file final_24.txt (compact mmCIF, C-alpha atoms)
# COMPACT_ATOMS: atom_id res chain seq x y z
CA MET Z 1 161.00 149.68 60.14
CA ASN Z 2 163.22 151.38 62.73
CA ASN Z 3 161.19 154.58 62.44
CA GLY Z 4 157.85 152.80 62.70
CA ASN Z 5 156.95 153.12 59.03
CA TYR Z 6 155.94 150.05 57.06
CA LEU Z 7 156.27 148.60 53.58
CA ILE Z 8 153.63 147.13 51.26
CA SER Z 9 154.45 145.16 48.11
CA GLN Z 10 152.41 144.68 44.96
CA THR Z 11 153.78 142.25 42.33
CA ASP Z 12 157.18 143.84 41.55
CA LYS Z 13 156.81 147.16 43.40
CA ILE Z 14 157.34 148.18 47.04
CA SER Z 15 155.85 151.28 48.66
CA LEU Z 16 156.58 152.99 51.98
CA PHE Z 17 153.77 154.22 54.26
CA ASP Z 18 153.64 156.31 57.45
CA SER Z 19 152.61 154.13 60.37
CA GLN Z 20 150.81 157.00 62.17
CA THR Z 21 148.71 158.32 59.32
CA ASN Z 22 148.90 155.38 56.87
CA LYS Z 23 149.87 158.02 54.32
CA PHE Z 24 151.85 157.00 51.26
CA ILE Z 25 155.44 158.31 51.43
CA ARG Z 26 157.14 157.01 48.32
CA LYS Z 27 157.77 154.05 46.05
CA LEU Z 28 161.15 152.33 46.33
CA ASP Z 29 162.21 153.24 42.79
CA GLU Z 30 165.79 152.17 43.42
CA LEU Z 31 164.66 148.53 43.22
CA ASP Z 32 162.84 148.91 39.89
CA GLY Z 33 163.75 146.18 37.44
CA GLN Z 34 165.14 143.86 40.13
CA LEU Z 35 161.88 142.25 41.25
CA GLU Z 36 159.32 140.01 39.53
CA ASN Z 37 156.74 138.55 41.90
CA ILE Z 38 157.12 139.56 45.55
CA VAL Z 39 155.55 137.07 47.97
CA GLY Z 40 157.02 138.31 51.25
CA LEU Z 41 158.90 141.09 53.03
CA SER Z 42 160.87 140.91 56.27
CA TYR Z 43 162.89 143.58 58.05
CA ALA Z 44 165.38 143.42 60.94
CA ASN Z 45 168.38 145.46 62.03
CA ASN Z 46 168.64 147.57 58.85
CA LYS Z 47 168.25 144.55 56.58
CA LEU Z 48 165.34 144.15 54.17
CA LEU Z 49 164.63 140.60 52.97
CA ILE Z 50 162.49 140.23 49.85
CA SER Z 51 160.99 136.86 48.85
CA ASP Z 52 160.52 136.69 45.09
CA ASP Z 53 158.68 133.83 43.34
CA GLY Z 54 159.19 135.25 39.84
CA PRO Z 55 160.15 132.66 37.18
CA ASN Z 56 163.68 134.06 36.88
CA LYS Z 57 164.14 134.69 40.61
CA LYS Z 58 162.85 132.00 43.02
CA CYS Z 59 165.02 133.52 45.72
CA ALA Z 60 165.25 135.54 48.93
CA THR Z 61 167.35 138.72 48.58
CA VAL Z 62 168.86 140.84 51.37
CA TYR Z 63 169.33 144.61 50.96
CA HIS Z 64 170.87 147.15 53.35
CA VAL Z 65 168.47 149.85 54.52
CA ASN Z 66 169.42 153.22 56.01
CA ASP Z 67 167.84 154.15 59.34
CA ASP Z 68 165.43 156.37 57.45
CA VAL Z 69 164.24 154.21 54.57
CA SER Z 70 162.57 157.25 53.04
CA SER Z 71 166.08 158.39 52.11
CA SER Z 72 167.46 155.37 50.28
CA ILE Z 73 168.01 151.63 50.04
CA ASN Z 74 171.24 150.28 48.62
CA PRO Z 75 170.03 148.69 45.34
CA ILE Z 76 172.99 146.31 45.28
CA ALA Z 77 171.95 143.08 46.99
CA GLU Z 78 174.11 141.95 49.90
CA ARG Z 79 172.96 138.33 49.66
CA ILE Z 80 170.89 136.22 47.28
CA ILE Z 81 169.68 132.86 48.59
CA ASN Z 82 168.43 130.18 46.16
CA ALA Z 83 167.87 130.22 42.41
CA PRO Z 84 165.35 128.68 39.97
CA ALA Z 85 165.22 124.87 40.03
CA GLU Z 86 165.19 122.57 37.00
CA PHE Z 87 163.86 119.05 36.55
CA GLY Z 88 166.28 116.64 38.21
CA LYS Z 89 168.45 119.57 39.39
CA ASP Z 90 166.77 120.95 42.49
CA ASP Z 91 168.95 120.49 45.53
CA PRO Z 92 166.68 122.27 48.06
CA ILE Z 93 169.60 124.00 49.75
CA GLU Z 94 170.52 125.86 46.56
CA LYS Z 95 167.46 125.69 44.30
CA CYS Z 96 163.79 126.63 44.58
CA TRP Z 97 160.63 125.66 42.69
CA HIS Z 98 158.11 127.88 44.49
CA MET Z 99 159.04 130.55 47.06
CA ILE Z 100 156.32 130.96 49.71
CA ASP Z 101 157.88 133.42 52.17
CA SER Z 102 161.01 134.13 54.18
CA ALA Z 103 162.11 135.94 57.32
CA ILE Z 104 165.30 137.52 58.68
CA ASP Z 105 166.22 138.00 62.34
CA ASN Z 106 168.41 140.60 64.08
CA GLU Z 107 171.50 138.42 63.67
CA GLY Z 108 170.95 138.08 59.92
CA ASN Z 109 169.81 134.45 59.93
CA VAL Z 110 167.34 133.75 57.14
CA ILE Z 111 164.55 131.18 57.14
CA ILE Z 112 162.97 130.30 53.80
CA CYS Z 113 159.64 128.55 53.27
CA LYS Z 114 159.08 126.96 49.85
CA ARG Z 115 157.55 123.96 48.13
CA PRO Z 116 158.15 121.78 45.06
CA PRO Z 117 155.62 121.61 42.21
CA ILE Z 118 152.26 120.10 43.14
CA TYR Z 119 150.52 117.83 40.68
CA ARG Z 120 146.74 118.23 40.58
CA ASN Z 121 145.50 117.95 44.18
CA SER Z 122 148.41 115.95 45.57
CA ASP Z 123 150.39 117.10 48.59
CA GLY Z 124 153.73 118.09 47.14
CA GLY Z 125 155.38 118.57 50.51
CA GLY Z 126 156.87 121.74 51.95
CA GLN Z 127 160.36 122.81 53.00
CA ILE Z 128 161.64 125.22 55.65
CA ILE Z 129 165.38 125.93 55.51
CA LYS Z 130 167.54 128.09 57.77
CA PHE Z 131 170.69 129.83 56.57
CA GLY Z 132 173.34 131.62 58.62
CA PRO Z 133 174.02 135.38 58.56
CA GLY Z 134 177.23 135.40 56.53
CA PRO Z 135 177.68 136.15 52.83
CA ASP Z 136 178.27 132.45 52.15
CA ASN Z 137 174.65 131.66 53.14
CA LYS Z 138 175.78 128.77 55.33
CA PHE Z 139 173.16 126.02 55.57
CA ILE Z 140 172.06 125.39 59.19
CA TRP Z 141 169.04 123.07 59.11
CA GLN Z 142 166.14 121.89 57.03
CA LYS Z 143 162.64 120.67 57.85
CA TYR Z 144 160.39 119.18 55.22
CA ALA Z 145 157.25 117.17 54.53
CA LEU Z 146 157.60 113.86 52.73
CA ALA Z 147 154.40 114.35 50.70
CA TYR Z 148 152.28 111.32 49.83
CA VAL Z 149 154.40 108.14 49.68
CA THR Z 150 153.07 104.63 49.13
CA ALA Z 151 156.31 102.75 48.59
CA ALA Z 152 160.06 103.16 48.33
CA VAL Z 153 163.01 101.33 46.84
CA ALA Z 154 166.35 101.10 48.61
CA GLY Z 155 169.45 102.21 46.80
CA PRO Z 156 171.67 100.23 44.44
CA PRO Z 157 174.36 97.86 45.76
CA SER Z 158 176.94 100.66 45.79
CA ASP Z 159 174.77 102.94 47.96
CA PRO Z 160 171.97 101.17 49.91
CA GLY Z 161 171.08 104.36 51.78
CA PHE Z 162 170.13 106.17 48.59
CA VAL Z 163 166.34 105.75 48.72
CA ILE Z 164 163.74 106.70 46.09
CA GLY Z 165 160.15 107.19 47.22
CA SER Z 166 157.18 106.38 44.98
CA ASN Z 167 156.63 110.15 44.84
CA LEU Z 168 159.90 110.29 42.86
CA ARG Z 169 161.79 112.19 45.58
CA GLN Z 170 165.33 111.27 46.66
CA TYR Z 171 166.41 110.66 50.26
CA LYS Z 172 169.65 109.72 51.96
CA VAL Z 173 169.05 107.37 54.89
CA ASN Z 174 171.41 106.72 57.80
CA PHE Z 175 170.52 103.21 58.96
CA ASN Z 176 172.45 103.64 62.21
CA ASN Z 177 170.13 106.30 63.63
CA ILE Z 178 167.22 106.02 61.14
CA GLU Z 179 167.60 109.65 60.15
CA ASN Z 180 167.09 110.77 56.56
CA GLU Z 181 167.95 113.78 54.45
CA TYR Z 182 165.80 115.09 51.58
CA MET Z 183 167.92 115.44 48.43
CA GLY Z 184 165.48 116.87 45.90
CA SER Z 185 163.60 115.33 43.01
CA LEU Z 186 164.34 112.32 40.93
CA ALA Z 187 162.02 114.07 38.47
CA TYR Z 188 158.66 115.72 38.82
CA PRO Z 189 155.94 113.96 36.83
CA GLY Z 190 152.71 115.33 35.45
CA TYR Z 191 153.93 118.50 33.72
CA GLU Z 192 154.20 119.29 30.04
CA THR Z 193 155.82 122.65 30.82
CA LEU Z 194 156.47 124.61 33.98
CA ASN Z 195 157.27 128.33 33.87
CA GLY Z 196 158.56 127.93 30.34
CA VAL Z 197 160.72 124.87 31.10
CA PRO Z 198 160.60 122.47 28.10
CA LYS Z 199 158.42 119.35 28.28
CA ASN Z 200 159.38 116.91 30.99
CA ASP Z 201 159.59 113.40 29.51
CA TRP Z 202 158.55 111.98 32.87
CA SER Z 203 155.13 113.62 32.53
CA SER Z 204 153.52 110.39 31.31
CA VAL Z 205 153.97 108.98 34.81
CA GLY Z 206 150.99 111.25 35.30
CA SER Z 207 149.92 110.79 38.92
CA ALA Z 208 153.03 111.85 40.86
CA GLN Z 209 153.49 108.19 41.77
CA SER Z 210 155.29 105.32 40.11
CA SER Z 211 152.59 102.97 38.76
CA ALA Z 212 154.52 99.78 39.57
CA PRO Z 213 157.37 98.66 41.87
CA MET Z 214 160.68 100.23 40.96
CA ARG Z 215 163.81 98.17 40.50
CA TRP Z 216 167.54 98.87 40.32
CA ALA Z 217 169.58 97.26 37.53
CA THR Z 218 173.26 97.33 36.60
CA ILE Z 219 173.94 97.91 32.90
CA GLU Z 220 177.55 98.10 31.72
CA ASN Z 221 178.71 98.78 35.27
CA LYS Z 222 176.27 101.67 35.66
CA GLU Z 223 173.35 101.58 38.08
CA PHE Z 224 169.90 102.46 36.75
CA LEU Z 225 166.47 102.69 38.33
CA ALA Z 226 163.56 101.42 36.21
CA CYS Z 227 160.24 103.21 36.71
CA LEU Z 228 156.99 102.35 34.89
CA GLY Z 229 154.77 105.17 33.60
CA HIS Z 230 151.02 105.11 33.02
CA MET Z 231 151.47 105.05 29.24
CA LYS Z 232 153.43 101.79 29.51
CA GLN Z 233 156.73 103.59 29.21
CA VAL Z 234 159.82 102.48 31.09
CA PHE Z 235 162.04 105.29 32.31
CA LEU Z 236 165.63 104.57 33.24
CA TYR Z 237 167.28 106.79 35.81
CA LEU Z 238 171.06 106.72 36.05
CA LYS Z 239 171.93 107.46 39.68
CA GLY Z 240 172.50 111.20 39.79
CA LEU Z 241 171.21 111.97 36.28
CA VAL Z 242 167.93 111.53 34.42
CA ILE Z 243 168.63 109.85 31.07
CA GLU Z 244 165.67 111.03 29.00
CA ASN Z 245 166.72 109.38 25.74
CA TYR Z 246 166.66 105.96 27.43
CA THR Z 247 162.85 106.12 27.49
CA ALA Z 248 161.41 102.92 25.98
CA HIS Z 249 157.86 101.84 25.12
CA LEU Z 250 156.57 98.43 26.14

call {"tool": "encode", "arguments": {"input": "final_24.txt", "output": "structure tokens"}}
result
Amino acid sequence: MNNGNYLISQTDKISLFDSQTNKFIRKLDELDGQLENIVGLSYANNKLLISDDGPNKKCATVYHVNDDVSSSINPIAERIINAPAEFGKDDPIEKCWHMIDSAIDNEGNVIICKRPPIYRNSDGGGQIIKFGPGPDNKFIWQKYALAYVTAAVAGPPSDPGFVIGSNLRQYKVNFNNIENEYMGSLAYPGYETLNGVPKNDWSSVGSAQSSAPMRWATIENKEFLACLGHMKQVFLYLKGLVIENYTAHL
């Protein structure tokens, strides 16, 4: 902090300590009820950034801090970055599955580190995203790991650059410069429930990989991706939307 004191978090509480004596000063009671599972704290230029991986949070929140934090913190958040993700709805710029940590610099730029769900011992891939200092949380850049990929299928005729990896992640590929952009999940397999989210019908895929080559098909002028699960189920994915009730058994 500006005065040399430091903060320590425990689950949903934050306490202030004297940096010279390590003596407890006070608990930040003004934030009671706003936090669920704190995984990181960052401070710069009178801004306190709190990373929260609670099931209803999955976000990084910025608060204004007075020069002497022992006096008060404004309990009204200045900025909230990210929100809980859902199956098939997890644009990494706006949504978060698991918050790992975050940091804020003197200009107010925020960098968030997070990851998607990990099935068993597989490498689910990580994401680091930078946002600008303004209240609109302007996206600046993103770095990510592809996770374990054994195959991929190019997009449908209408959008060849829309690529699906065998890890059921979506990517947008620019064939002119061979750059790609991570676009979130097609669906995450291997989970019956996740943080109270109802059963994911894709869970029978079971290994975080498609068990057979995927194929695009056009049905009534709509483009679908066919993916085979381990329980001999065929899942149809309408580009941009998971159609769960189209599940069929072989």

call {"tool": "residues_around", "arguments": {"input": "final_24.txt", "residues": "Ala152 of chain Z", "least_positions_apart": "4", "cutoff": "8 Å", "atoms": "all atoms listed in the file", "output": "PyMOL selection string"}}
result
chain Z and resi 163-166+214

call {"tool": "atom_distance", "arguments": {"input": "final_24.txt", "atom1": "atom CA of Ile76 of chain Z", "atom2": "atom CA of Ile129 of chain Z"}}
result
24.0 Å

call {"tool": "closest_residue", "arguments": {"input": "final_24.txt", "among": "Z:Asn176, Z:Arg115, Z:Leu7, Z:Lys138", "to": "Ser42 of chain Z", "atoms": "only C-alpha atoms"}}
result
Z:Leu7

call {"tool": "closest_residue", "arguments": {"input": "final_24.txt", "among": "Z:Asn66, Z:Asn45, Z:Gln170, Z:Gln34", "to": "Asp91 of chain Z", "atoms": "all atoms listed in the file"}}
result
Z:Gln170

call {"tool": "atom_distance", "arguments": {"input": "final_24.txt", "atom1": "atom CA of Gln20 of chain Z", "atom2": "atom CA of Asp105 of chain Z"}}
result
24.5 Å

call {"tool": "closest_residue", "arguments": {"input": "final_24.txt", "among": "Z:Leu16, Z:Ile128, Z:Ala103, Z:Ile93", "to": "Ala60 of chain Z", "atoms": "only C-alpha atoms"}}
result
Z:Ala103

call {"tool": "closest_residue", "arguments": {"input": "final_24.txt", "among": "Z:Leu49, Z:Glu179, Z:Val39, Z:Arg26", "to": "Asp12 of chain Z", "atoms": "all atoms listed in the file"}}
result
Z:Val39

call {"tool": "residues_around", "arguments": {"input": "final_24.txt", "residues": "segment 22-24 of chain Z", "least_positions_apart": "6", "cutoff": "9 Å", "atoms": "all atoms listed in the file", "output": "list in words"}}
result
Asn5, Tyr6, Ser15 and Leu16 of chain Z

call {"tool": "atom_distance", "arguments": {"input": "final_24.txt", "atom1": "atom CA of Asn221 of chain Z", "atom2": "atom CA of Gly155 of chain Z"}}
result
15.2 Å

call {"tool": "closest_residue", "arguments": {"input": "final_24.txt", "among": "Z:Ser158, Z:Asn37, Z:Asn180, Z:Asn56", "to": "Phe224 of chain Z", "atoms": "all atoms listed in the file"}}
result
Z:Ser158

call {"tool": "closest_residue", "arguments": {"input": "final_24.txt", "among": "Z:Ser19, Z:Asn46, Z:Asn174, Z:Asn106", "to": "Glu78 of chain Z", "atoms": "all atoms listed in the file"}}
result
Z:Asn46

call {"tool": "residues_around", "arguments": {"input": "final_24.txt", "residues": "Tyr171 of chain Z", "least_positions_apart": "2", "cutoff": "6 Å", "atoms": "all atoms listed in the file", "output": "PDB file with C-alpha atoms, keeping the file's coordinate frame"}}
result
ATOM      1  CA  VAL Z 163     166.340 105.750  48.720  1.00  0.00           C
ATOM      2  CA  GLU Z 181     167.950 113.780  54.450  1.00  0.00           C
ATOM      3  CA  TYR Z 182     165.800 115.090  51.580  1.00  0.00           C
ATOM      4  CA  MET Z 183     167.920 115.440  48.430  1.00  0.00           C
TER       5      MET Z 183
END
